[in-house]
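> Could you have a look at this structure, given as structure tokens, before my questions?
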Amino acid sequence: MIQTIKTQPYGDQKMGTGGLRKKTKVMMQENYFENFIQSVFNAIGGVKGKTYVVGGDGRCFNAEAIQKFIKMAAANGAKKLLIGQNGYMSTPAGSNLILKNKTNGGFTFSASHNPGGINGDFGVKYANETGGQVPTSITDKIYQLSKEITEYKISDAADVDLSQIGFQKIEDMEIEVIDPISDYVTMLEKIFDFNALKNLFKSGFSMRFDAMNAITGPYATRIFEDILGAKQGSVIRATPLPDFGGLHPDPNLVYDKDLVDFMYSAQATDFAGANDGDGDRNMILGRHFFVTPSDSLAILTDNYQYVPAYKNGIYGVAKSAATSTAVCRVAQARNLPCYVVPTGWKYFVNLMDSNRITLCGEESFGTGSSHIREKDGIWAILFWLSIIAATGKSVEQITREHWEKYGRIYYMRFDFEGLDTSVADKLMTDLEEKLPSLKDKYFNGYEIQNAAPFVYNDPVDGSTTKNGLVIDFKDGSKITYRLSGTGSSGATLRVYIESPDKTNFNQDTQQKLQNLLKTAMEVAEISIRTGKTKADVNT
Ligand code: G16
């Protein structure tokens, strides 16, 4: 039976750069999740007769959230849900299913790279029929409606068994429980030369993939071990756990230090990769070598000819403003357009849909292409393996040759976490006001060329977005400031720093950037305002 439940707004359901992210306990409050889902339904004109892809990364509250969602979708008249077996679905696999089945969109229950568990975070990513996250105009509407909500609809039917593949019905809505992996594999087989990759592993090539106890474990085991023939045990931490075994499933130098240490040890494999909670982020490592996400995007772009799906040419590339300019150098050399967008994968979607770009990526360990409308962690690793298989070169050789060709752009991100929101907001507003006065000033040996907010005019829908503050230096160095859009409480100030070098490729990155970091701290008065003398996380 369909019930109408009276409710009251919480008033804090604003979506950030990756959907709605909150503490798990906040999401578990009475009617909290239901309010948000009903607000999404209301904002998109209802779900009557519509079909959605549904799944999550297996984190705490995933199972309960999916059952609630099913009952709400049924009560709101949805036609059908395609749900991953046991409620599991990586974000890229979900995007693929939306496009393949031409559904009206999809819901992924994940707080992405944020920690999980009862004391961690939970989240909802909503994608529309493009397979990508919705534009700001829609997220604003959802937020507005969530502040006015008075009731939601839900079926009182029993929980649905999601352990068996097949068809079921609840109210008038059809449910198809599907294997969440097979269509994803089929999609990847169309992009890459799986035989070449099988031969690479046959030749004795070794790899380690760290699923960080999150959603990509089953995907990676099937793809790398079962299909491509990587040695059994190559995929580690392969079982999705509700609290990710206590890990912070963000594949970077800090949160996956285990994998980094392993790759710098005597036991290191030829290659290693890791993915985040919901499988859209990736980290790439070679033997005793780390590839920054900005370099990774540039290297993939310069080697697209080694992947069957791209070998006949790509439309263009895009990066977020905070990502280093490495990929734009490749684009220039190869006569490709290079778009620079605000942080948030949704900004790439218009460019892909209008055939302006094929490849894109971000400093936050996300790389992808127009095969779907989300970043794709396993895709990025297969791309790297394809380059290795075709060239016979190591990760380090490939990267060093890239630097020889284009110069090296030293790059690092410094995060100041747990800030009071009002302090962080004021820091940004005051800094923005100060920017024009910085032009031509010297700081710690660096002369400022220009300082301004980053403003993006979307060439497709004409919308304008302001995101982050950028200081450009005369030698090509750059400092970008931004407040994170994926936190679940407080504020995180991100400071992104890059500095190019044409000849010296062997400096310590932190040392190379130390004067720029000092400048960044001074200009924005970070220590005075936040009490922090150094960043909490450096990646
Ligand atoms: C999400 C978006 C990404 C974006 C990231 C930024 O990633 O999908 O496009 O780069 O947020 O995070 P922040 O605002 O914290 O810098 P994910 O992987 O969390 O979904």
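Each chain in the structure tokens gets a letter, A, B, ..., in the order shown, and its residues are numbered from 1; ligands are numbered from 1 in order too.
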Could you tell me, as JSON, numbers by chain, which residues of range 484-531 of chain A DSSP assigns to strand (DSSP E) when given the backbone?

{"A": [491, 492, 493, 494, 495, 496, 497, 498, 499, 500, 501]}

> Might you pull out every residue within 9 Å of range 400-402 of chain A, with only C-alpha atoms counted and same-chain residues fewer than 3 positions away left off, and present them as a PDB file with all heavy atoms, in the first residue's frame?


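To be explicit, this is the file written out as result.pdb:
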```pdb
ATOM      1  N   ASP A 295      49.730  14.651 -14.668  1.00  0.00           N
ATOM      2  CA  ASP A 295      50.616  14.038 -15.663  1.00  0.00           C
ATOM      3  C   ASP A 295      49.929  12.847 -16.326  1.00  0.00           C
ATOM      4  O   ASP A 295      50.083  12.612 -17.520  1.00  0.00           O
ATOM      5  CB  ASP A 295      51.926  13.563 -15.003  1.00  0.00           C
ATOM      6  CG  ASP A 295      52.938  14.691 -14.887  1.00  0.00           C
ATOM      7  OD1 ASP A 295      52.719  15.760 -15.488  1.00  0.00           O
ATOM      8  OD2 ASP A 295      53.960  14.512 -14.185  1.00  0.00           O
ATOM      9  N   ALA A 298      47.764  13.940 -19.093  1.00  0.00           N
ATOM     10  CA  ALA A 298      48.569  14.396 -20.225  1.00  0.00           C
ATOM     11  C   ALA A 298      49.165  13.203 -20.982  1.00  0.00           C
ATOM     12  O   ALA A 298      49.181  13.171 -22.217  1.00  0.00           O
ATOM     13  CB  ALA A 298      49.683  15.317 -19.727  1.00  0.00           C
ATOM     14  N   ILE A 299      49.622  12.217 -20.242  1.00  0.00           N
ATOM     15  CA  ILE A 299      50.261  11.044 -20.867  1.00  0.00           C
ATOM     16  C   ILE A 299      49.227  10.210 -21.623  1.00  0.00           C
ATOM     17  O   ILE A 299      49.470   9.766 -22.749  1.00  0.00           O
ATOM     18  CB  ILE A 299      51.008  10.226 -19.784  1.00  0.00           C
ATOM     19  CG1 ILE A 299      52.246  11.021 -19.323  1.00  0.00           C
ATOM     20  CG2 ILE A 299      51.409   8.839 -20.309  1.00  0.00           C
ATOM     21  CD1 ILE A 299      52.894  10.514 -18.048  1.00  0.00           C
ATOM     22  N   ASP A 302      48.527  11.953 -24.839  1.00  0.00           N
ATOM     23  CA  ASP A 302      49.600  11.876 -25.831  1.00  0.00           C
ATOM     24  C   ASP A 302      49.741  10.472 -26.418  1.00  0.00           C
ATOM     25  O   ASP A 302      50.477  10.275 -27.374  1.00  0.00           O
ATOM     26  CB  ASP A 302      50.931  12.306 -25.191  1.00  0.00           C
ATOM     27  CG  ASP A 302      51.881  12.866 -26.229  1.00  0.00           C
ATOM     28  OD1 ASP A 302      51.400  13.350 -27.278  1.00  0.00           O
ATOM     29  OD2 ASP A 302      53.106  12.811 -26.011  1.00  0.00           O
ATOM     30  N   VAL A 395      56.274   2.375 -16.428  1.00  0.00           N
ATOM     31  CA  VAL A 395      55.571   3.604 -16.056  1.00  0.00           C
ATOM     32  C   VAL A 395      56.572   4.754 -15.945  1.00  0.00           C
ATOM     33  O   VAL A 395      56.339   5.865 -16.435  1.00  0.00           O
ATOM     34  CB  VAL A 395      54.823   3.396 -14.715  1.00  0.00           C
ATOM     35  CG1 VAL A 395      54.253   4.702 -14.201  1.00  0.00           C
ATOM     36  CG2 VAL A 395      53.731   2.336 -14.864  1.00  0.00           C
ATOM     37  N   GLU A 396      57.697   4.473 -15.324  1.00  0.00           N
ATOM     38  CA  GLU A 396      58.697   5.537 -15.128  1.00  0.00           C
ATOM     39  C   GLU A 396      59.257   6.015 -16.471  1.00  0.00           C
ATOM     40  O   GLU A 396      59.365   7.213 -16.713  1.00  0.00           O
ATOM     41  CB  GLU A 396      59.837   5.045 -14.213  1.00  0.00           C
ATOM     42  CG  GLU A 396      60.911   6.103 -14.060  1.00  0.00           C
ATOM     43  CD  GLU A 396      61.891   5.844 -12.928  1.00  0.00           C
ATOM     44  OE1 GLU A 396      61.734   4.846 -12.213  1.00  0.00           O
ATOM     45  OE2 GLU A 396      62.823   6.662 -12.780  1.00  0.00           O
ATOM     46  N   GLN A 397      59.589   5.048 -17.353  1.00  0.00           N
ATOM     47  CA  GLN A 397      60.128   5.433 -18.670  1.00  0.00           C
ATOM     48  C   GLN A 397      59.126   6.297 -19.445  1.00  0.00           C
ATOM     49  O   GLN A 397      59.493   7.325 -20.018  1.00  0.00           O
ATOM     50  CB  GLN A 397      60.368   4.171 -19.508  1.00  0.00           C
ATOM     51  CG  GLN A 397      61.778   3.639 -19.485  1.00  0.00           C
ATOM     52  CD  GLN A 397      61.808   2.328 -20.275  1.00  0.00           C
ATOM     53  OE1 GLN A 397      61.040   1.397 -20.000  1.00  0.00           O
ATOM     54  NE2 GLN A 397      62.686   2.270 -21.260  1.00  0.00           N
ATOM     55  N   LYS A 405      59.858  15.505 -23.477  1.00  0.00           N
ATOM     56  CA  LYS A 405      59.169  16.066 -24.644  1.00  0.00           C
ATOM     57  C   LYS A 405      58.490  17.403 -24.325  1.00  0.00           C
ATOM     58  O   LYS A 405      58.552  18.346 -25.102  1.00  0.00           O
ATOM     59  CB  LYS A 405      58.114  15.046 -25.058  1.00  0.00           C
ATOM     60  CG  LYS A 405      57.654  15.085 -26.478  1.00  0.00           C
ATOM     61  CD  LYS A 405      56.946  13.742 -26.772  1.00  0.00           C
ATOM     62  CE  LYS A 405      55.928  13.873 -27.864  1.00  0.00           C
ATOM     63  NZ  LYS A 405      55.077  12.683 -27.941  1.00  0.00           N
ATOM     64  N   TYR A 406      57.836  17.445 -23.164  1.00  0.00           N
ATOM     65  CA  TYR A 406      56.982  18.611 -22.872  1.00  0.00           C
ATOM     66  C   TYR A 406      57.455  19.453 -21.683  1.00  0.00           C
ATOM     67  O   TYR A 406      56.855  20.476 -21.386  1.00  0.00           O
ATOM     68  CB  TYR A 406      55.552  18.134 -22.562  1.00  0.00           C
ATOM     69  CG  TYR A 406      54.871  17.503 -23.746  1.00  0.00           C
ATOM     70  CD1 TYR A 406      54.754  16.114 -23.850  1.00  0.00           C
ATOM     71  CD2 TYR A 406      54.337  18.289 -24.764  1.00  0.00           C
ATOM     72  CE1 TYR A 406      54.125  15.532 -24.938  1.00  0.00           C
ATOM     73  CE2 TYR A 406      53.706  17.715 -25.861  1.00  0.00           C
ATOM     74  CZ  TYR A 406      53.599  16.339 -25.941  1.00  0.00           C
ATOM     75  OH  TYR A 406      52.981  15.782 -27.020  1.00  0.00           O
ATOM     76  N   GLY A 407      58.488  19.023 -20.989  1.00  0.00           N
ATOM     77  CA  GLY A 407      58.869  19.670 -19.727  1.00  0.00           C
ATOM     78  C   GLY A 407      58.050  19.045 -18.601  1.00  0.00           C
ATOM     79  O   GLY A 407      57.029  18.404 -18.843  1.00  0.00           O
ATOM     80  N   ARG A 408      58.538  19.233 -17.365  1.00  0.00           N
ATOM     81  CA  ARG A 408      57.800  18.673 -16.226  1.00  0.00           C
ATOM     82  C   ARG A 408      57.065  19.806 -15.495  1.00  0.00           C
ATOM     83  O   ARG A 408      57.632  20.875 -15.279  1.00  0.00           O
ATOM     84  CB  ARG A 408      58.767  17.982 -15.259  1.00  0.00           C
ATOM     85  CG  ARG A 408      58.070  17.485 -14.013  1.00  0.00           C
ATOM     86  CD  ARG A 408      58.968  16.652 -13.120  1.00  0.00           C
ATOM     87  NE  ARG A 408      58.190  16.212 -11.961  1.00  0.00           N
ATOM     88  CZ  ARG A 408      58.677  15.561 -10.925  1.00  0.00           C
ATOM     89  NH1 ARG A 408      59.969  15.248 -10.895  1.00  0.00           N
ATOM     90  NH2 ARG A 408      57.909  15.215  -9.923  1.00  0.00           N
ATOM     91  N   PHE A 505      64.338  17.518 -13.959  1.00  0.00           N
ATOM     92  CA  PHE A 505      63.170  16.678 -13.665  1.00  0.00           C
ATOM     93  C   PHE A 505      63.309  15.890 -12.381  1.00  0.00           C
ATOM     94  O   PHE A 505      62.472  15.045 -12.066  1.00  0.00           O
ATOM     95  CB  PHE A 505      62.907  15.715 -14.834  1.00  0.00           C
ATOM     96  CG  PHE A 505      62.813  16.408 -16.158  1.00  0.00           C
ATOM     97  CD1 PHE A 505      63.388  15.860 -17.289  1.00  0.00           C
ATOM     98  CD2 PHE A 505      62.147  17.627 -16.260  1.00  0.00           C
ATOM     99  CE1 PHE A 505      63.300  16.513 -18.511  1.00  0.00           C
ATOM    100  CE2 PHE A 505      62.054  18.288 -17.475  1.00  0.00           C
ATOM    101  CZ  PHE A 505      62.637  17.736 -18.604  1.00  0.00           C
TER     102      PHE A 505
END
```

> Hey, which of A:Thr139, A:Gln3, A:Ser320, A:Gln267 ends up closest to ligand 1? Count only C-alpha atoms and all ligand atoms.

A:Ser320

> Produce a table with one row for each residue of range 473-498 of chain A that has an atom at most 12 Å from any atom of range 99-123 of chain A, each row naming the nearest atom pair and its distance in Å at one decimal; use only C-alpha atoms; arrange rows by chain and rising residue number; format as a tab-separated table.


```
residue	atom	partner	partner_atom	distance
A:Gly485	CA	A:Ala111	CA	11.8
A:Thr486	CA	A:Ala111	CA	8.2
A:Gly487	CA	A:Asn114	CA	7.9
A:Ser488	CA	A:Asp121	CA	6.8
A:Ser489	CA	A:Asp121	CA	9.7
```

> Would you save the residues of that selection, restricted to all heavy atoms, as a PDB file, in the first residue's frame?


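Heads up, here's the output in result02.pdb:
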```
ATOM      1  N   GLY A 485      34.054  20.869  -2.254  1.00  0.00           N
ATOM      2  CA  GLY A 485      32.597  20.722  -2.330  1.00  0.00           C
ATOM      3  C   GLY A 485      32.159  19.325  -1.964  1.00  0.00           C
ATOM      4  O   GLY A 485      31.025  18.937  -2.246  1.00  0.00           O
ATOM      5  N   THR A 486      33.037  18.527  -1.373  1.00  0.00           N
ATOM      6  CA  THR A 486      32.657  17.144  -1.085  1.00  0.00           C
ATOM      7  C   THR A 486      32.715  16.792   0.395  1.00  0.00           C
ATOM      8  O   THR A 486      32.533  15.628   0.755  1.00  0.00           O
ATOM      9  CB  THR A 486      33.554  16.137  -1.849  1.00  0.00           C
ATOM     10  OG1 THR A 486      34.908  16.379  -1.465  1.00  0.00           O
ATOM     11  CG2 THR A 486      33.402  16.273  -3.342  1.00  0.00           C
ATOM     12  N   GLY A 487      32.969  17.765   1.243  1.00  0.00           N
ATOM     13  CA  GLY A 487      33.041  17.458   2.675  1.00  0.00           C
ATOM     14  C   GLY A 487      31.651  17.211   3.243  1.00  0.00           C
ATOM     15  O   GLY A 487      30.637  17.544   2.621  1.00  0.00           O
ATOM     16  N   SER A 488      31.604  16.623   4.437  1.00  0.00           N
ATOM     17  CA  SER A 488      30.305  16.375   5.054  1.00  0.00           C
ATOM     18  C   SER A 488      30.085  17.286   6.252  1.00  0.00           C
ATOM     19  O   SER A 488      29.000  17.354   6.795  1.00  0.00           O
ATOM     20  CB  SER A 488      30.190  14.910   5.471  1.00  0.00           C
ATOM     21  OG  SER A 488      31.226  14.583   6.367  1.00  0.00           O
ATOM     22  N   SER A 489      31.134  17.974   6.690  1.00  0.00           N
ATOM     23  CA  SER A 489      30.974  18.950   7.767  1.00  0.00           C
ATOM     24  C   SER A 489      32.178  19.894   7.760  1.00  0.00           C
ATOM     25  O   SER A 489      33.255  19.516   7.294  1.00  0.00           O
ATOM     26  CB  SER A 489      30.888  18.246   9.127  1.00  0.00           C
ATOM     27  OG  SER A 489      32.042  17.475   9.325  1.00  0.00           O
TER      28      SER A 489
END
```

> Kindly compile the residues surrounding ligand 1 within 9 Å, counting only C-alpha atoms and all ligand atoms, and format them as a PyMOL selection string.

chain A and resi 16-19+91+110-114+125+133+250+276-281+320+342-348+361-366+374-375+482-487+492-494

> I'd like the neighbourhood of Asp461 in chain A as a ChimeraX atom specification, where a residue qualifies if any of its atoms comes within 12 Å (using only C-alpha atoms), though same-chain residues fewer than 2 positions away should be ignored.

/A:135-137,347,349-351,353-354,456-459,463-465

> Those residues you just picked out, can you put them in a file as a compact mmCIF listing (two decimals), in the first residue's frame with all heavy atoms?


```txt
# COMPACT_ATOMS: atom_id res chain seq x y z
N PRO A 135 23.24 19.43 -13.83
CA PRO A 135 23.77 20.80 -13.72
C PRO A 135 23.28 21.52 -12.47
O PRO A 135 22.31 21.11 -11.82
CB PRO A 135 23.22 21.50 -14.98
CG PRO A 135 22.18 20.61 -15.54
CD PRO A 135 22.38 19.24 -15.00
N THR A 136 23.95 22.62 -12.16
CA THR A 136 23.66 23.39 -10.94
C THR A 136 22.21 23.87 -10.91
O THR A 136 21.60 23.95 -9.83
CB THR A 136 24.62 24.59 -10.86
OG1 THR A 136 25.93 24.11 -11.14
CG2 THR A 136 24.63 25.23 -9.49
N SER A 137 21.64 24.18 -12.07
CA SER A 137 20.25 24.65 -12.08
C SER A 137 19.34 23.61 -11.42
O SER A 137 18.41 23.95 -10.69
CB SER A 137 19.79 24.95 -13.51
OG SER A 137 19.99 23.81 -14.32
N TYR A 347 30.76 19.44 -15.38
CA TYR A 347 31.15 20.44 -16.39
C TYR A 347 31.73 19.79 -17.64
O TYR A 347 31.80 20.42 -18.69
CB TYR A 347 32.14 21.45 -15.79
CG TYR A 347 31.50 22.24 -14.68
CD1 TYR A 347 31.77 21.95 -13.34
CD2 TYR A 347 30.57 23.23 -14.96
CE1 TYR A 347 31.15 22.65 -12.31
CE2 TYR A 347 29.94 23.93 -13.95
CZ TYR A 347 30.24 23.64 -12.63
OH TYR A 347 29.61 24.32 -11.62
N VAL A 349 30.42 17.09 -18.95
CA VAL A 349 29.34 16.37 -19.63
C VAL A 349 28.86 17.12 -20.88
O VAL A 349 28.74 16.51 -21.96
CB VAL A 349 28.18 16.08 -18.65
CG1 VAL A 349 26.96 15.53 -19.37
CG2 VAL A 349 28.64 15.09 -17.57
N ASN A 350 28.63 18.43 -20.77
CA ASN A 350 28.20 19.20 -21.95
C ASN A 350 29.23 19.11 -23.08
O ASN A 350 28.88 19.03 -24.25
CB ASN A 350 28.04 20.68 -21.57
CG ASN A 350 26.67 20.96 -21.00
OD1 ASN A 350 25.79 20.11 -21.03
ND2 ASN A 350 26.50 22.16 -20.47
N LEU A 351 30.51 19.14 -22.70
CA LEU A 351 31.58 19.11 -23.70
C LEU A 351 31.62 17.75 -24.41
O LEU A 351 31.89 17.66 -25.60
CB LEU A 351 32.93 19.42 -23.05
CG LEU A 351 33.06 20.79 -22.37
CD1 LEU A 351 34.41 20.91 -21.66
CD2 LEU A 351 32.91 21.92 -23.39
N ASP A 353 28.92 15.64 -24.61
CA ASP A 353 27.67 15.47 -25.37
C ASP A 353 27.70 16.24 -26.69
O ASP A 353 27.01 15.87 -27.64
CB ASP A 353 26.47 15.93 -24.53
CG ASP A 353 26.11 14.91 -23.45
OD1 ASP A 353 26.59 13.76 -23.55
OD2 ASP A 353 25.38 15.26 -22.51
N SER A 354 28.48 17.33 -26.73
CA SER A 354 28.53 18.13 -27.97
C SER A 354 29.77 17.79 -28.80
O SER A 354 30.18 18.57 -29.67
CB SER A 354 28.52 19.62 -27.62
OG SER A 354 29.63 19.91 -26.78
N TYR A 456 34.06 30.50 -15.67
CA TYR A 456 33.86 29.62 -16.82
C TYR A 456 32.56 29.95 -17.53
O TYR A 456 31.50 30.00 -16.90
CB TYR A 456 33.82 28.17 -16.33
CG TYR A 456 33.55 27.14 -17.42
CD1 TYR A 456 34.44 26.95 -18.47
CD2 TYR A 456 32.41 26.33 -17.37
CE1 TYR A 456 34.21 25.99 -19.44
CE2 TYR A 456 32.18 25.35 -18.34
CZ TYR A 456 33.08 25.20 -19.38
OH TYR A 456 32.86 24.24 -20.34
N ASN A 457 32.66 30.18 -18.81
CA ASN A 457 31.45 30.36 -19.62
C ASN A 457 31.25 29.09 -20.43
O ASN A 457 32.05 28.78 -21.32
CB ASN A 457 31.62 31.56 -20.56
CG ASN A 457 31.76 32.84 -19.77
OD1 ASN A 457 30.97 33.12 -18.86
ND2 ASN A 457 32.80 33.62 -20.07
N ASP A 458 30.22 28.35 -20.08
CA ASP A 458 29.99 27.07 -20.76
C ASP A 458 29.63 27.32 -22.23
O ASP A 458 28.66 28.02 -22.52
CB ASP A 458 28.83 26.35 -20.04
CG ASP A 458 28.68 24.92 -20.50
OD1 ASP A 458 28.59 24.68 -21.72
OD2 ASP A 458 28.64 24.03 -19.64
N PRO A 459 30.45 26.78 -23.16
CA PRO A 459 30.19 27.07 -24.57
C PRO A 459 28.92 26.40 -25.09
O PRO A 459 28.46 26.72 -26.17
CB PRO A 459 31.43 26.49 -25.28
CG PRO A 459 31.96 25.45 -24.37
CD PRO A 459 31.60 25.87 -22.98
N SER A 463 25.88 29.02 -19.63
CA SER A 463 25.89 29.36 -18.21
C SER A 463 27.28 29.84 -17.77
O SER A 463 28.30 29.50 -18.39
CB SER A 463 25.47 28.15 -17.37
OG SER A 463 26.41 27.12 -17.55
N THR A 464 27.32 30.63 -16.71
CA THR A 464 28.58 31.14 -16.19
C THR A 464 28.78 30.61 -14.78
O THR A 464 27.86 30.64 -13.96
CB THR A 464 28.56 32.68 -16.17
OG1 THR A 464 28.43 33.13 -17.51
CG2 THR A 464 29.85 33.25 -15.60
N THR A 465 29.99 30.11 -14.48
CA THR A 465 30.29 29.60 -13.15
C THR A 465 31.58 30.21 -12.66
O THR A 465 32.56 30.29 -13.41
CB THR A 465 30.48 28.06 -13.19
OG1 THR A 465 29.34 27.49 -13.82
CG2 THR A 465 30.64 27.47 -11.79
```

> Excluding Pro240 in chain A and residues on its chain fewer than 3 positions from it, collect all residues at most 8 Å away from it, counting only C-alpha atoms, and give them as a PDB file with N, CA, C and O atoms, in the first residue's frame.


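Generated output (part-v1.pdb):
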```pdb
ATOM      1  N   ASP A  57      28.026   1.780  -3.158  1.00  0.00           N
ATOM      2  CA  ASP A  57      29.382   1.236  -3.003  1.00  0.00           C
ATOM      3  C   ASP A  57      29.504   0.311  -1.795  1.00  0.00           C
ATOM      4  O   ASP A  57      30.611  -0.049  -1.401  1.00  0.00           O
ATOM      5  N   GLY A  58      28.381  -0.064  -1.217  1.00  0.00           N
ATOM      6  CA  GLY A  58      28.399  -1.080  -0.154  1.00  0.00           C
ATOM      7  C   GLY A  58      28.661  -0.528   1.231  1.00  0.00           C
ATOM      8  O   GLY A  58      28.740  -1.272   2.204  1.00  0.00           O
ATOM      9  N   ARG A  59      28.778   0.797   1.343  1.00  0.00           N
ATOM     10  CA  ARG A  59      29.097   1.371   2.658  1.00  0.00           C
ATOM     11  C   ARG A  59      27.906   1.276   3.605  1.00  0.00           C
ATOM     12  O   ARG A  59      26.770   1.035   3.181  1.00  0.00           O
ATOM     13  N   ASN A 213      39.064  -2.084   0.000  1.00  0.00           N
ATOM     14  CA  ASN A 213      37.875  -2.665   0.652  1.00  0.00           C
ATOM     15  C   ASN A 213      36.581  -2.015   0.173  1.00  0.00           C
ATOM     16  O   ASN A 213      35.601  -1.924   0.916  1.00  0.00           O
ATOM     17  N   ALA A 214      36.601  -1.528  -1.063  1.00  0.00           N
ATOM     18  CA  ALA A 214      35.433  -0.806  -1.574  1.00  0.00           C
ATOM     19  C   ALA A 214      34.886  -1.490  -2.826  1.00  0.00           C
ATOM     20  O   ALA A 214      35.225  -2.635  -3.123  1.00  0.00           O
ATOM     21  N   ILE A 215      34.090  -0.774  -3.588  1.00  0.00           N
ATOM     22  CA  ILE A 215      33.247  -1.411  -4.608  1.00  0.00           C
ATOM     23  C   ILE A 215      34.011  -2.055  -5.756  1.00  0.00           C
ATOM     24  O   ILE A 215      33.531  -2.999  -6.386  1.00  0.00           O
ATOM     25  N   THR A 216      35.222  -1.567  -6.079  1.00  0.00           N
ATOM     26  CA  THR A 216      35.847  -2.105  -7.296  1.00  0.00           C
ATOM     27  C   THR A 216      36.490  -3.477  -7.123  1.00  0.00           C
ATOM     28  O   THR A 216      36.915  -4.060  -8.121  1.00  0.00           O
ATOM     29  N   GLY A 217      36.532  -4.006  -5.894  1.00  0.00           N
ATOM     30  CA  GLY A 217      37.135  -5.326  -5.689  1.00  0.00           C
ATOM     31  C   GLY A 217      36.583  -6.381  -6.636  1.00  0.00           C
ATOM     32  O   GLY A 217      37.334  -6.995  -7.417  1.00  0.00           O
ATOM     33  N   ARG A 237      42.547  -6.253  -0.986  1.00  0.00           N
ATOM     34  CA  ARG A 237      41.439  -5.596  -0.281  1.00  0.00           C
ATOM     35  C   ARG A 237      40.222  -5.568  -1.202  1.00  0.00           C
ATOM     36  O   ARG A 237      39.620  -4.522  -1.456  1.00  0.00           O
ATOM     37  N   PHE A 244      34.793   0.023   4.962  1.00  0.00           N
ATOM     38  CA  PHE A 244      36.042  -0.058   4.184  1.00  0.00           C
ATOM     39  C   PHE A 244      37.211  -0.514   5.064  1.00  0.00           C
ATOM     40  O   PHE A 244      38.368  -0.120   4.844  1.00  0.00           O
TER      41      PHE A 244
END
```

> For Asp501 in chain A, which residue among A:Asn467, A:Asn515, A:Gln144, A:Ser477 is the nearest when counting only C-alpha atoms?

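Smallest separation from Asp501 in chain A among the options: A:Ser477.
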
> Find the residues around Asn275 in chain A up to 6 Å (only C-alpha atoms counted), leave out those fewer than 6 positions away in its own chain, and share them as a ChimeraX atom specification.

/A:211,251,281-282,377

> Between CA of Gly273 in chain A and CA of Asn355 in chain A, what is the distance in Å, rounded to a tenth?

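These atoms are spaced 29.2 Å apart.
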